[in-house]
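Structure record follows, encoded as structure tokens.
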Amino acid sequence: MKLAKYAVLLCVFAIMDWDHLRFFVAVARAGNLGGAARNLNVNHTTVFRRIKAFETDLGVRLFDRLPEGYSLTAAGEQVLEHGARVDESIAALLRAVAGKDYQLSGEIRITTAPNLATRFVAPALKKFRKRFPGIRVEIAVSDSDFDLRRREADLALRATSSPPDYLVGRRVVQLPWFFYGSKRNRRQAPPSSLADLTGNALIGGDENLQRLPPFAWLHNAVPKEQFVATANDLNTVAAMIASGLGIGVLPSDQDRPGIERLFQLDARFSSDIWLLTHPDLRQVARVRTFSQFLFDELREDSLLGQFVQ
């Protein structure tokens with residue numbers, strides 16, 4: 001019955017290119033072309049072209065182009081009100097159809113953060129490919145959360161203490177955070193507590209990274225003058241620490257040559273790593289198979305395995 005309802009919706013609106021609608025909704029939600037392009041995994045020009053074509057199809061201007069981003073016009077607000085519901089219906093149709101797929105073949109898209117992608121997911125794919133050559137995996141690397149309800153990805157490997165209620169999955173591991181320092185040119189005993197940090201140069205996080213509790217806490221706990229540099233990416237923070245520029249906080253999955261753990265942060269700052277999918281996709285054979293494979297690989301990893309509870 002549900003599939004019939006979605007099919008009717010598609011027939012009713014078949015006169016329009018509903019791929020344009022998908023781009024419109026993405027821009028409306030992101031507020032700019034760049035954010036929409038990242039979420040859709042396309043380039044900035046493609047998004048701009050789609051929005052122009054959609055406005056031409058409708059014969060109205062949907063956005064005001066402002067210096068700070070794209071703002072919906074009155075017509076755009078009306079289109080979003082109805083278009084978002086259609087977009088959700090199309091996404092539900094795609095999930096419902098995908099949920100009937102029992103073949104170990106096809107594509108899987110997993111989204112995750114840069115370090116998790118390069119350190120853990122990418123190295124596991126060769127082994128997975130040998131076992132399941134009919135499944136092709138796409139890794140969408142981003143610090144932004146893709147919307148699994150709209151099939152922006154099939155799986156998400158995320159560091160979060162509260163995964164969205166509309167997703168299902170398993171906690172892979174709980175990672176502690178540490179203060180890290182460089183192994184280069186150490187001439188004195190490294191600090192072993194927060195009190196020992198006085199006088200040490202620190203690496204901090206910009207506003208983006210301060211959404212993470214350890215960075216927010218650090219910037220409140222230490223005088224601003226001690227921060228010699230900041231970054232918006234954990235890999236960059238780790239690289240600056242390794243260079244000897246200063247001391248910083250990182251989750252333990254950032255362990256790498258050139259840096260060493262100094263002392264651990266309070267347990268309340270631990271990061272849960274979750275492997276998540278949408279409930280409609282959990283019985284899709286290729287999604288279920290890859291999810292189980294990756295879960296096992298992560299928990300058996302030489303670094304992550306030591307933190308399995």
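Ligands are numbered from 1 in the order shown, residues from 1 within each chain, and chains are lettered A, B, ... in the order they appear in the structure tokens.
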Can you build me a table of stretch 154-193 of chain A residues sitting at most 10 Å from stretch 132-147 of chain A, with the closest atom pair per residue and its distance in Å to one decimal, using only C-alpha atoms, sorted by chain and residue number, as a Markdown table?
```
| residue | atom | partner | partner_atom | distance |
| --- | --- | --- | --- | --- |
| A:Asp154 | CA | A:Asp147 | CA | 9.3 |
| A:Leu155 | CA | A:Phe146 | CA | 9.5 |
| A:Ala156 | CA | A:Phe146 | CA | 7.9 |
| A:Leu157 | CA | A:Asp145 | CA | 9.9 |
| A:Arg158 | CA | A:Asp145 | CA | 8.3 |
```
Using only C-alpha atoms, I'd like a table of the residues in stretch 58-169 of chain A that come within 9 Å of stretch 298-308 of chain A; for each, show the closest atom pair and its distance in Å rounded to one decimal, ordered by chain and ascending number, as JSON lines.
```
{"residue": "A:Phe120", "atom": "CA", "partner": "A:Leu298", "partner_atom": "CA", "distance": 7.0}
{"residue": "A:Val121", "atom": "CA", "partner": "A:Leu298", "partner_atom": "CA", "distance": 8.3}
{"residue": "A:Ala124", "atom": "CA", "partner": "A:Leu298", "partner_atom": "CA", "distance": 8.9}
```
Using N, CA and C atoms, can you export the residues from the last selection as a PDB file, in the first residue's frame?
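Heads up, here's the output in result.pdb:
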```pdb
ATOM      1  N   PHE A 120      41.072   3.629   9.369  1.00  0.00           N
ATOM      2  CA  PHE A 120      40.388   2.366   9.655  1.00  0.00           C
ATOM      3  C   PHE A 120      39.548   1.824   8.496  1.00  0.00           C
ATOM      4  N   VAL A 121      38.737   2.669   7.868  1.00  0.00           N
ATOM      5  CA  VAL A 121      37.819   2.153   6.854  1.00  0.00           C
ATOM      6  C   VAL A 121      38.541   1.795   5.558  1.00  0.00           C
ATOM      7  N   ALA A 124      40.533  -1.465   5.323  1.00  0.00           N
ATOM      8  CA  ALA A 124      39.755  -2.702   5.433  1.00  0.00           C
ATOM      9  C   ALA A 124      39.105  -3.111   4.117  1.00  0.00           C
TER      10      ALA A 124
END
```
**Message:** When you look at A:Leu62 with a cut-off of 8 Å (counting only C-alpha atoms), what residues show up, excluding the ones that are within fewer than 3 positions of it in the same chain? I need them as number ranges by chain.
**Reply:** A: 55, 72-77
Those same residues - N, CA and C atoms - I'd like them written as a PDB file, in the first residue's frame.
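Now in result.pdb:
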```pdb
ATOM      1  N   GLU A  55      14.418  27.114 -11.034  1.00  0.00           N
ATOM      2  CA  GLU A  55      13.727  28.409 -11.054  1.00  0.00           C
ATOM      3  C   GLU A  55      13.142  28.693 -12.433  1.00  0.00           C
ATOM      4  N   LEU A  72      15.593  31.944   1.335  1.00  0.00           N
ATOM      5  CA  LEU A  72      14.382  31.625   0.595  1.00  0.00           C
ATOM      6  C   LEU A  72      13.514  32.857   0.380  1.00  0.00           C
ATOM      7  N   THR A  73      12.978  33.004  -0.821  1.00  0.00           N
ATOM      8  CA  THR A  73      11.959  34.010  -1.087  1.00  0.00           C
ATOM      9  C   THR A  73      10.613  33.474  -0.578  1.00  0.00           C
ATOM     10  N   ALA A  74       9.580  34.299  -0.694  1.00  0.00           N
ATOM     11  CA  ALA A  74       8.243  33.835  -0.293  1.00  0.00           C
ATOM     12  C   ALA A  74       7.822  32.632  -1.124  1.00  0.00           C
ATOM     13  N   ALA A  75       8.124  32.689  -2.425  1.00  0.00           N
ATOM     14  CA  ALA A  75       7.810  31.546  -3.290  1.00  0.00           C
ATOM     15  C   ALA A  75       8.636  30.331  -2.886  1.00  0.00           C
ATOM     16  N   GLY A  76       9.901  30.578  -2.538  1.00  0.00           N
ATOM     17  CA  GLY A  76      10.754  29.480  -2.108  1.00  0.00           C
ATOM     18  C   GLY A  76      10.250  28.809  -0.850  1.00  0.00           C
ATOM     19  N   GLU A  77       9.726  29.604   0.080  1.00  0.00           N
ATOM     20  CA  GLU A  77       9.159  29.045   1.305  1.00  0.00           C
ATOM     21  C   GLU A  77       7.998  28.107   0.981  1.00  0.00           C
TER      22      GLU A  77
END
```
Which residues come within 9 Å of stretch 190-194 of chain A, counting only C-alpha atoms, excluding same-chain residues fewer than 5 positions away, as a compact mmCIF listing (two decimals) with C-alpha atoms, in the first residue's frame?
```
# COMPACT_ATOMS: atom_id res chain seq x y z
CA PHE A 179 46.78 15.27 26.12
CA GLY A 181 52.88 16.00 23.03
CA ASN A 200 53.41 25.27 27.90
CA ALA A 221 40.25 25.93 31.47
CA VAL A 222 43.41 27.52 30.08
CA LEU A 262 50.88 12.52 28.21
CA PHE A 263 47.86 12.06 30.47
CA GLN A 264 44.20 11.12 30.08
```
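Among the candidate residues A:Glu107, A:Asp253, A:Glu260, A:Glu207, the one lying nearest to A:Asp272 is A:Asp253, with distances computed using only C-alpha atoms.
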**Request:** Could you please write out, as number ranges by chain, every residue of stretch 71-220 of chain A that DSSP assigns to strand (DSSP E or B)?
**Result:** A: 71-72, 106-112, 135-141, 155-159, 168-175, 177-182, 202-205
**Asked** For the atom pair atom CA of A:Ser243 and atom CA of A:Arg119, what is the interatomic distance in Å to one decimal place?
**Response**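 Here the two named atoms are 19.8 Å from each other.
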When you look at A:Ile51 with a cut-off of 9 Å (counting only C-alpha atoms), what residues show up, excluding the ones that are within fewer than 3 positions of it in the same chain? I need them as a PDB file with C-alpha atoms, in the first residue's frame.
```pdb
ATOM      1  CA  HIS A  20      16.122  19.655  -9.285  1.00  0.00           C
ATOM      2  CA  LEU A  21      13.906  19.405  -6.200  1.00  0.00           C
ATOM      3  CA  PHE A  23      19.119  20.132  -5.042  1.00  0.00           C
ATOM      4  CA  PHE A  24      16.645  22.841  -4.022  1.00  0.00           C
ATOM      5  CA  VAL A  27      20.372  24.410  -0.589  1.00  0.00           C
ATOM      6  CA  THR A  46      26.410  21.663 -10.441  1.00  0.00           C
ATOM      7  CA  VAL A  47      24.297  22.925  -7.541  1.00  0.00           C
ATOM      8  CA  PHE A  48      24.159  26.450  -8.999  1.00  0.00           C
ATOM      9  CA  PHE A  54      14.544  24.695 -11.257  1.00  0.00           C
ATOM     10  CA  GLU A  55      13.727  28.409 -11.054  1.00  0.00           C
ATOM     11  CA  THR A  56      13.367  28.472 -14.837  1.00  0.00           C
ATOM     12  CA  LEU A  62      13.301  30.748  -5.149  1.00  0.00           C
ATOM     13  CA  PHE A  63      16.276  32.335  -3.375  1.00  0.00           C
TER      14      PHE A  63
END
```
Skipping near chain neighbours, those fewer than 4 positions away, what residues fall within 9 Å of A:Ser252 using only C-alpha atoms, listed as an mmCIF file with C-alpha atoms, in the first residue's frame?
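Generated output (selection-v2.cif):
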```cif
data_model
loop_
_atom_site.group_PDB
_atom_site.id
_atom_site.type_symbol
_atom_site.label_atom_id
_atom_site.label_comp_id
_atom_site.auth_asym_id
_atom_site.auth_seq_id
_atom_site.Cartn_x
_atom_site.Cartn_y
_atom_site.Cartn_z
ATOM 1 C CA LEU A 175 37.560 6.086 23.018
ATOM 2 C CA PRO A 176 39.278 8.062 25.791
ATOM 3 C CA TRP A 177 40.874 11.442 25.089
ATOM 4 C CA PHE A 178 44.452 12.313 26.046
ATOM 5 C CA ARG A 261 50.135 10.331 25.216
ATOM 6 C CA LEU A 303 44.541 0.416 18.276
ATOM 7 C CA LEU A 304 40.776 0.355 18.771
#
```
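Take atom CA of A:Ala53 and atom CA of A:Arg151: the distance between them is 23.0 Å.
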**Prompt:** How would you write, as a ChimeraX atom specification, the set of residues in stretch 49-162 of chain A that DSSP gives as alpha helix (DSSP H)?
**Reply:** /A:49-58,74-98,114-116,122-131
**Message:** To one decimal place in Å, what is the distance between atom CA of A:Leu167 and atom CA of A:Leu275?
**Reply:**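 Atom-to-atom, atom CA of A:Leu167 to atom CA of A:Leu275, that is 9.8 Å.
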**Message:** Ranking A:Ala28, A:Leu148, A:Met240, A:Leu33 by minimum distance to A:Arg282 and counting only C-alpha atoms, which one comes first?
**Reply:** A:Leu148
